[in-house]
Amino acid sequence: MNDMIQLLPDAIANQIAAGEVVQRPASALKELLENAIDAQAQSIQVVIKDAGKSLIQVIDDGLGMSITDARMCFERHATSKIRKSDDLFNIRTHGFRGEAMASIAAVAQVELKTKRDGDELGTLIQVESSTVKKQEPIVYQRGTSVSVKNLFCNVPARRNFLKSNAVETKHLVEEFQRVALAYPKISFSFYQNDMELFKLAGGKLSKRIVGIFGKQYRDKLIVCQEESPHINIHGYIGKPEQAKKSRGEQYFFVNNRFIKSNYLGHAVSTAFESLIGQDQHPFYVLFLDIDPKHIDINVHPTKTEIKFDDERTIYGVVRAAVKQALGAHHVVPTIDFSLDVNFTDTWSRDTEKRKEVGLENNYRTYRGPGMANKDSKGWEQLFQKDHEERAINFDPEKNNTGQQELKTFPSKVNSKDEPLVSEINKPTLGSGNTFQVEQTYIVTQTSSGLLIFDQQATHQRILYERYASQLDQSKGASQQCLFPQNIRLSPADFALVMDLKEELSDLGFQLSEFGQHAILINGVPADIHITSEKILFEELLEQFKHFKNELSLNKKENLARSLAKKTSIKRGDKLQSQEMENLAGQLFACQNPNYSPEGSKTFIKLDLNKIDRFFYS
């Protein structure tokens with residue numbers, strides 16, 4: 001019987017490796033940029049055409065290669081970065097496996113031009129599907145130019161799985177930004193279809209951040225720096241008001257290598273605790289310098305995941321560094337010792353201590369979004385934990401004009417003249433016995449009991465189904481802007497908007513390109529009550545990216561959800577009786593009136609039997 005196991009041909013082995021290393025055009029760009037960095041380049045130029053499907057070219061002024069090295073770089077496991085197994089634990093270069101060039105050449109047409117400083121002539125090599133088609137000497141300047149043409153030309157199934165040009169361009173820009181942030185002293189330029197997207201001169205990290213993300217970040221950065229025996233941290237974090245709902249502007253670099261780490265990201269998030277909302281994500285660009293012996297970067301084909309030998313220590317240092325940076329710039333909340341259960345009884349009996357705590361409460365300078373509580377009214381103040389002093393000094397017979405007047409609910413047994421409910425607190429009933437509670441819930445009477453609506457969830461459901469219908473039928477009405485709004489976007493966001501342009505038009509947005517990375521808003525969906533078209537569009541874009549990262553939704557459903565959430569009635573909005581009745585009527589006309597798009601209940605029903613059990617059970 002014949003033997004069945006045999007070695008694969010190099011061409012097939014390279015295609016298999018390419019499936020892990022080169023997943024999309026952005027993966028090829030990442031490998032080429034890292035090779036240029038390892039070659040000690042000081043100026044790198046990137047040229048992209050057709051979202052990388054037709055051309056990805058990286059030109060650098062690095063060391064260059066000899067004739068032999070130029071030919072060897074296309075062989076599998078051929079590298080100049082390591083020589084022995086011990087070198088794997090002391091890696092400071094980006095590349096070390098020797099798979100990138102061989103994998104790219106297996107699924108594309110690659111042209112390499114290179115020359116060293118002391119050589120008279122350079123070298124030209126053309127490779128297609130792992131086969132060398134041409135090799136000859138050429139006249140060339142010092143450095144290397146690698147052109148990747150017709151990516152996945154021999155793997156049509158992989159090419160068909162690529163996303164739209166806008167989406168692939170977004171991924172290309174993200175990879176470029178990561179490398180550009182990691183090496184701010186190197187000059188970078190990026191051209192997409194002969195249009196210059198980036199022109200970044202070498203300089204400080206803060207200048208690089210502003211050059212990539214925009215001038216609005218200039219006054220929003222906080223220096224973060226910490227040195228310890230095991231790890232050094234430096235970089236910038238954004239101020240709390242710079243936090244966004246979508247992820248994407250969070251960057252960790254370990255020894256100048258970009259990594260993804262939810263564990264370290266949690267350390268930063270906890271440092272921002274109570275300064276930003278739970279659904280917000282802070283901006284940060286943090287560099288961690290650590291001895292390569294304490295990390296393992298050879299755990300994932302893309303090399304974006306690494307292992308630390310002591311993750312808890314790293315976590316603690318990162319969290320402490322961010323907290324210290326926030327404290328140094330006076331953006332942390334003051335500590336309220338009066339809420340400590342260990343001191344409550346003591347200061348409540350001590351007159352001097354009560355006066356001191358009162359002064360402390362009066363001079364609080366900052367409260368994060370999660371710490372802001374609504375003002376309590378009337379008798380509710382007696383049940384608030386942070387109003388012990390009012391409870392102690394409360395005397396219903398006295399009226400202190402220096403404080404908010406306490407409103408009580410007198411009994412008819414004690415007074416025949418006073419009404420049962422204070423006129424100020426009495427709800428205004430509509431024609432259908434409909435009223436608001438705390439400007440959050442809508443209560444209406446039915447023949448069998450009460451219906452209680454969550455006004456925000458109710459309106460979100462109504463708007464979601466309306467926008468989803470408009471997207472399916474392409475019949476969204478638009479209202480013209482009196483003054484068109486100009487919005488400048490990051491390259492990645494601009495590419496995303498261009499990808500969503502048709503769907504946005506179906507909703508009623510009228511957009512046009514207005515220069516590089518800028519759009520002009522000429523119209524917005526009708527029946528939307530807004531104060532700023534610019535703010536509406538920016539918030540819609542952030543909400544769309546947030547849902548895209550957190551949920552698996554198609555573009556239309558994501559847009560419908562995002563716009564519904566941003567334009568719906570919010571908690572705290574005061575409604576007229578007719579508005580409340582219209583909301584209730586429109587909700588029950590929906591296909592699924594019971595739940596909001598996010599899955600929360602829109603209303604509950606209290607029948608008379610259930611109400612009776614509250615009193616007679």
# chains A, B, ... in the order shown; residues from 1 in each chain; ligands from 1

call {"tool": "select_by_dssp", "arguments": {"residues": "region 41-170 of chain A", "states": "helix (DSSP H, G or I)", "output": "ChimeraX atom specification"}}
result
/A:50-52,67-72,85-89,100-106,156-160,165-170

call {"tool": "write_last_selection", "arguments": {"atoms": "N, CA and C atoms", "output": "mmCIF file, in the first residue's frame"}}
result
data_model
loop_
_atom_site.group_PDB
_atom_site.id
_atom_site.type_symbol
_atom_site.label_atom_id
_atom_site.label_comp_id
_atom_site.auth_asym_id
_atom_site.auth_seq_id
_atom_site.Cartn_x
_atom_site.Cartn_y
_atom_site.Cartn_z
ATOM 1 N N ASP A 50 -7.886 51.722 -4.996
ATOM 2 C CA ASP A 50 -9.024 50.798 -4.946
ATOM 3 C C ASP A 50 -9.067 50.058 -3.618
ATOM 4 N N ALA A 51 -8.901 50.813 -2.524
ATOM 5 C CA ALA A 51 -8.961 50.266 -1.159
ATOM 6 C C ALA A 51 -7.975 49.126 -0.947
ATOM 7 N N GLY A 52 -6.837 49.173 -1.651
ATOM 8 C CA GLY A 52 -5.816 48.152 -1.485
ATOM 9 C C GLY A 52 -6.004 46.927 -2.352
ATOM 10 N N ILE A 67 21.362 41.957 -3.209
ATOM 11 C CA ILE A 67 20.703 41.105 -4.198
ATOM 12 C C ILE A 67 20.252 39.792 -3.562
ATOM 13 N N THR A 68 21.105 39.208 -2.758
ATOM 14 C CA THR A 68 20.782 37.926 -2.124
ATOM 15 C C THR A 68 19.636 38.078 -1.123
ATOM 16 N N ASP A 69 19.688 39.137 -0.295
ATOM 17 C CA ASP A 69 18.631 39.358 0.690
ATOM 18 C C ASP A 69 17.294 39.631 0.013
ATOM 19 N N ALA A 70 17.333 40.366 -1.107
ATOM 20 C CA ALA A 70 16.092 40.669 -1.816
ATOM 21 C C ALA A 70 15.426 39.396 -2.319
ATOM 22 N N ARG A 71 16.226 38.473 -2.750
ATOM 23 C CA ARG A 71 15.661 37.205 -3.235
ATOM 24 C C ARG A 71 15.229 36.310 -2.075
ATOM 25 N N MET A 72 16.009 36.300 -1.009
ATOM 26 C CA MET A 72 15.707 35.431 0.132
ATOM 27 C C MET A 72 14.476 35.878 0.915
ATOM 28 N N SER A 85 16.788 30.116 19.208
ATOM 29 C CA SER A 85 15.521 30.099 19.940
ATOM 30 C C SER A 85 15.495 31.107 21.077
ATOM 31 N N ASP A 86 16.634 31.372 21.691
ATOM 32 C CA ASP A 86 16.671 32.336 22.792
ATOM 33 C C ASP A 86 16.293 33.738 22.327
ATOM 34 N N ASP A 87 16.497 34.023 21.048
ATOM 35 C CA ASP A 87 16.159 35.350 20.528
ATOM 36 C C ASP A 87 14.658 35.627 20.591
ATOM 37 N N LEU A 88 13.836 34.570 20.641
ATOM 38 C CA LEU A 88 12.387 34.755 20.733
ATOM 39 C C LEU A 88 11.981 35.455 22.023
ATOM 40 N N PHE A 89 12.845 35.389 23.040
ATOM 41 C CA PHE A 89 12.520 36.000 24.331
ATOM 42 C C PHE A 89 13.232 37.339 24.531
ATOM 43 N N ALA A 100 5.804 36.984 6.363
ATOM 44 C CA ALA A 100 4.987 38.032 5.759
ATOM 45 C C ALA A 100 5.169 38.127 4.254
ATOM 46 N N MET A 101 6.397 38.329 3.805
ATOM 47 C CA MET A 101 6.638 38.538 2.375
ATOM 48 C C MET A 101 6.276 37.290 1.569
ATOM 49 N N ALA A 102 6.588 36.115 2.095
ATOM 50 C CA ALA A 102 6.237 34.881 1.394
ATOM 51 C C ALA A 102 4.731 34.715 1.302
ATOM 52 N N SER A 103 4.016 35.059 2.352
ATOM 53 C CA SER A 103 2.564 34.928 2.356
ATOM 54 C C SER A 103 1.918 35.920 1.395
ATOM 55 N N ILE A 104 2.397 37.168 1.394
ATOM 56 C CA ILE A 104 1.836 38.170 0.485
ATOM 57 C C ILE A 104 2.093 37.778 -0.970
ATOM 58 N N ALA A 105 3.325 37.335 -1.256
ATOM 59 C CA ALA A 105 3.668 36.949 -2.624
ATOM 60 C C ALA A 105 2.884 35.734 -3.093
ATOM 61 N N ALA A 106 2.337 34.949 -2.171
ATOM 62 C CA ALA A 106 1.566 33.762 -2.547
ATOM 63 C C ALA A 106 0.173 34.104 -3.037
ATOM 64 N N PRO A 156 -9.977 33.720 -5.581
ATOM 65 C CA PRO A 156 -11.195 34.515 -5.803
ATOM 66 C C PRO A 156 -12.192 34.440 -4.657
ATOM 67 N N ALA A 157 -12.248 33.311 -3.960
ATOM 68 C CA ALA A 157 -13.182 33.208 -2.833
ATOM 69 C C ALA A 157 -12.831 34.217 -1.751
ATOM 70 N N ARG A 158 -11.524 34.355 -1.446
ATOM 71 C CA ARG A 158 -11.097 35.324 -0.429
ATOM 72 C C ARG A 158 -11.377 36.757 -0.896
ATOM 73 N N ARG A 159 -11.162 37.021 -2.167
ATOM 74 C CA ARG A 159 -11.401 38.365 -2.695
ATOM 75 C C ARG A 159 -12.886 38.724 -2.632
ATOM 76 N N ASN A 160 -13.748 37.734 -2.869
ATOM 77 C CA ASN A 160 -15.183 38.012 -2.816
ATOM 78 C C ASN A 160 -15.670 38.312 -1.407
ATOM 79 N N ASN A 165 -15.270 49.182 -0.562
ATOM 80 C CA ASN A 165 -14.050 49.983 -0.569
ATOM 81 C C ASN A 165 -13.960 50.900 0.648
ATOM 82 N N ALA A 166 -15.091 51.462 1.059
ATOM 83 C CA ALA A 166 -15.069 52.364 2.215
ATOM 84 C C ALA A 166 -14.663 51.628 3.486
ATOM 85 N N VAL A 167 -15.181 50.417 3.673
ATOM 86 C CA VAL A 167 -14.850 49.645 4.878
ATOM 87 C C VAL A 167 -13.386 49.220 4.860
ATOM 88 N N GLU A 168 -12.909 48.733 3.704
ATOM 89 C CA GLU A 168 -11.510 48.310 3.620
ATOM 90 C C GLU A 168 -10.565 49.507 3.784
ATOM 91 N N THR A 169 -10.958 50.660 3.255
ATOM 92 C CA THR A 169 -10.138 51.868 3.450
ATOM 93 C C THR A 169 -10.067 52.245 4.913
ATOM 94 N N LYS A 170 -11.188 52.087 5.623
ATOM 95 C CA LYS A 170 -11.204 52.375 7.055
ATOM 96 C C LYS A 170 -10.194 51.502 7.799
#

call {"tool": "residues_around", "arguments": {"residues": "Tyr467 (chain A)", "least_positions_apart": "2", "cutoff": "12 Å", "atoms": "only C-alpha atoms", "output": "count of residues only"}}
result
38

call {"tool": "select_by_dssp", "arguments": {"residues": "region 243-313 of chain A", "states": "strand (DSSP E or B)", "output": "PyMOL selection string"}}
result
chain A and resi 244+250-254+257-259+273+276+281+284-290+295-296+307-308

call {"tool": "write_last_selection", "arguments": {"atoms": "N, CA, C and O atoms", "output": "mmCIF file, in the first residue's frame"}}
result
data_model
loop_
_atom_site.group_PDB
_atom_site.id
_atom_site.type_symbol
_atom_site.label_atom_id
_atom_site.label_comp_id
_atom_site.auth_asym_id
_atom_site.auth_seq_id
_atom_site.Cartn_x
_atom_site.Cartn_y
_atom_site.Cartn_z
ATOM 1 N N LYS A 244 -16.100 58.912 24.373
ATOM 2 C CA LYS A 244 -17.117 58.649 23.356
ATOM 3 C C LYS A 244 -17.785 57.311 23.629
ATOM 4 O O LYS A 244 -17.283 56.483 24.375
ATOM 5 N N GLN A 250 -8.529 53.954 21.466
ATOM 6 C CA GLN A 250 -7.791 53.442 22.616
ATOM 7 C C GLN A 250 -6.584 52.672 22.089
ATOM 8 O O GLN A 250 -6.749 51.696 21.352
ATOM 9 N N TYR A 251 -5.405 53.128 22.465
ATOM 10 C CA TYR A 251 -4.180 52.554 21.904
ATOM 11 C C TYR A 251 -3.204 52.187 23.019
ATOM 12 O O TYR A 251 -2.827 53.044 23.830
ATOM 13 N N PHE A 252 -2.832 50.904 23.045
ATOM 14 C CA PHE A 252 -1.765 50.424 23.910
ATOM 15 C C PHE A 252 -0.595 49.983 23.037
ATOM 16 O O PHE A 252 -0.783 49.268 22.043
ATOM 17 N N PHE A 253 0.605 50.402 23.427
ATOM 18 C CA PHE A 253 1.816 49.980 22.732
ATOM 19 C C PHE A 253 2.781 49.392 23.758
ATOM 20 O O PHE A 253 3.110 50.058 24.748
ATOM 21 N N VAL A 254 3.185 48.159 23.538
ATOM 22 C CA VAL A 254 4.174 47.513 24.402
ATOM 23 C C VAL A 254 5.471 47.418 23.615
ATOM 24 O O VAL A 254 5.530 46.742 22.585
ATOM 25 N N ARG A 257 4.998 48.252 20.069
ATOM 26 C CA ARG A 257 4.178 47.339 19.273
ATOM 27 C C ARG A 257 2.730 47.494 19.714
ATOM 28 O O ARG A 257 2.414 47.337 20.902
ATOM 29 N N PHE A 258 1.835 47.792 18.768
ATOM 30 C CA PHE A 258 0.424 47.947 19.111
ATOM 31 C C PHE A 258 -0.155 46.606 19.557
ATOM 32 O O PHE A 258 0.083 45.575 18.922
ATOM 33 N N ILE A 259 -0.894 46.620 20.656
ATOM 34 C CA ILE A 259 -1.535 45.410 21.158
ATOM 35 C C ILE A 259 -2.997 45.685 21.493
ATOM 36 O O ILE A 259 -3.402 46.837 21.688
ATOM 37 N N GLU A 273 -13.495 55.812 36.525
ATOM 38 C CA GLU A 273 -14.777 55.511 37.155
ATOM 39 C C GLU A 273 -15.364 56.746 37.819
ATOM 40 O O GLU A 273 -14.674 57.487 38.519
ATOM 41 N N ILE A 276 -16.838 59.391 33.833
ATOM 42 C CA ILE A 276 -17.542 59.233 32.561
ATOM 43 C C ILE A 276 -18.655 58.224 32.741
ATOM 44 O O ILE A 276 -18.689 57.487 33.728
ATOM 45 N N HIS A 281 -16.223 55.472 26.553
ATOM 46 C CA HIS A 281 -14.870 54.947 26.497
ATOM 47 C C HIS A 281 -13.887 56.113 26.369
ATOM 48 O O HIS A 281 -14.035 56.945 25.466
ATOM 49 N N TYR A 284 -7.093 57.270 24.881
ATOM 50 C CA TYR A 284 -5.749 57.152 25.452
ATOM 51 C C TYR A 284 -4.784 56.595 24.420
ATOM 52 O O TYR A 284 -5.149 55.793 23.553
ATOM 53 N N VAL A 285 -3.557 57.063 24.509
ATOM 54 C CA VAL A 285 -2.425 56.543 23.737
ATOM 55 C C VAL A 285 -1.311 56.316 24.748
ATOM 56 O O VAL A 285 -0.642 57.259 25.177
ATOM 57 N N LEU A 286 -1.127 55.071 25.176
ATOM 58 C CA LEU A 286 -0.210 54.751 26.257
ATOM 59 C C LEU A 286 0.865 53.783 25.770
ATOM 60 O O LEU A 286 0.566 52.788 25.094
ATOM 61 N N PHE A 287 2.100 54.079 26.144
ATOM 62 C CA PHE A 287 3.245 53.252 25.785
ATOM 63 C C PHE A 287 3.782 52.571 27.031
ATOM 64 O O PHE A 287 4.044 53.235 28.041
ATOM 65 N N LEU A 288 3.950 51.259 26.952
ATOM 66 C CA LEU A 288 4.492 50.482 28.053
ATOM 67 C C LEU A 288 5.856 49.938 27.638
ATOM 68 O O LEU A 288 5.964 49.219 26.639
ATOM 69 N N ASP A 289 6.868 50.313 28.372
ATOM 70 C CA ASP A 289 8.225 49.818 28.123
ATOM 71 C C ASP A 289 8.552 48.762 29.173
ATOM 72 O O ASP A 289 8.557 49.056 30.378
ATOM 73 N N ILE A 290 8.832 47.539 28.714
ATOM 74 C CA ILE A 290 9.061 46.428 29.617
ATOM 75 C C ILE A 290 10.130 45.518 29.033
ATOM 76 O O ILE A 290 10.297 45.444 27.808
ATOM 77 N N ILE A 295 7.544 39.143 28.563
ATOM 78 C CA ILE A 295 6.369 39.070 27.694
ATOM 79 C C ILE A 295 6.595 38.009 26.624
ATOM 80 O O ILE A 295 7.734 37.642 26.314
ATOM 81 N N ASP A 296 5.490 37.520 26.068
ATOM 82 C CA ASP A 296 5.541 36.566 24.960
ATOM 83 C C ASP A 296 4.643 37.114 23.857
ATOM 84 O O ASP A 296 3.420 37.218 24.020
ATOM 85 N N LYS A 307 1.376 38.009 25.954
ATOM 86 C CA LYS A 307 1.199 37.496 27.305
ATOM 87 C C LYS A 307 2.240 38.112 28.230
ATOM 88 O O LYS A 307 3.419 38.214 27.882
ATOM 89 N N PHE A 308 1.777 38.563 29.411
ATOM 90 C CA PHE A 308 2.670 39.079 30.441
ATOM 91 C C PHE A 308 2.877 37.997 31.493
ATOM 92 O O PHE A 308 1.950 37.233 31.801
#

call {"tool": "closest_residue", "arguments": {"among": "A:Leu33, A:Ile5, A:Ile569, A:Ala468", "to": "His529 (chain A)", "atoms": "only C-alpha atoms"}}
result
A:Ile569

call {"tool": "atom_distance", "arguments": {"atom1": "CA of Lys574 (chain A)", "atom2": "CA of Gly277 (chain A)"}}
result
23.5 Å

call {"tool": "closest_residue", "arguments": {"among": "A:Ser577, A:Ser490, A:Asn554, A:His294", "to": "Phe435 (chain A)", "atoms": "only C-alpha atoms"}}
result
A:Ser577
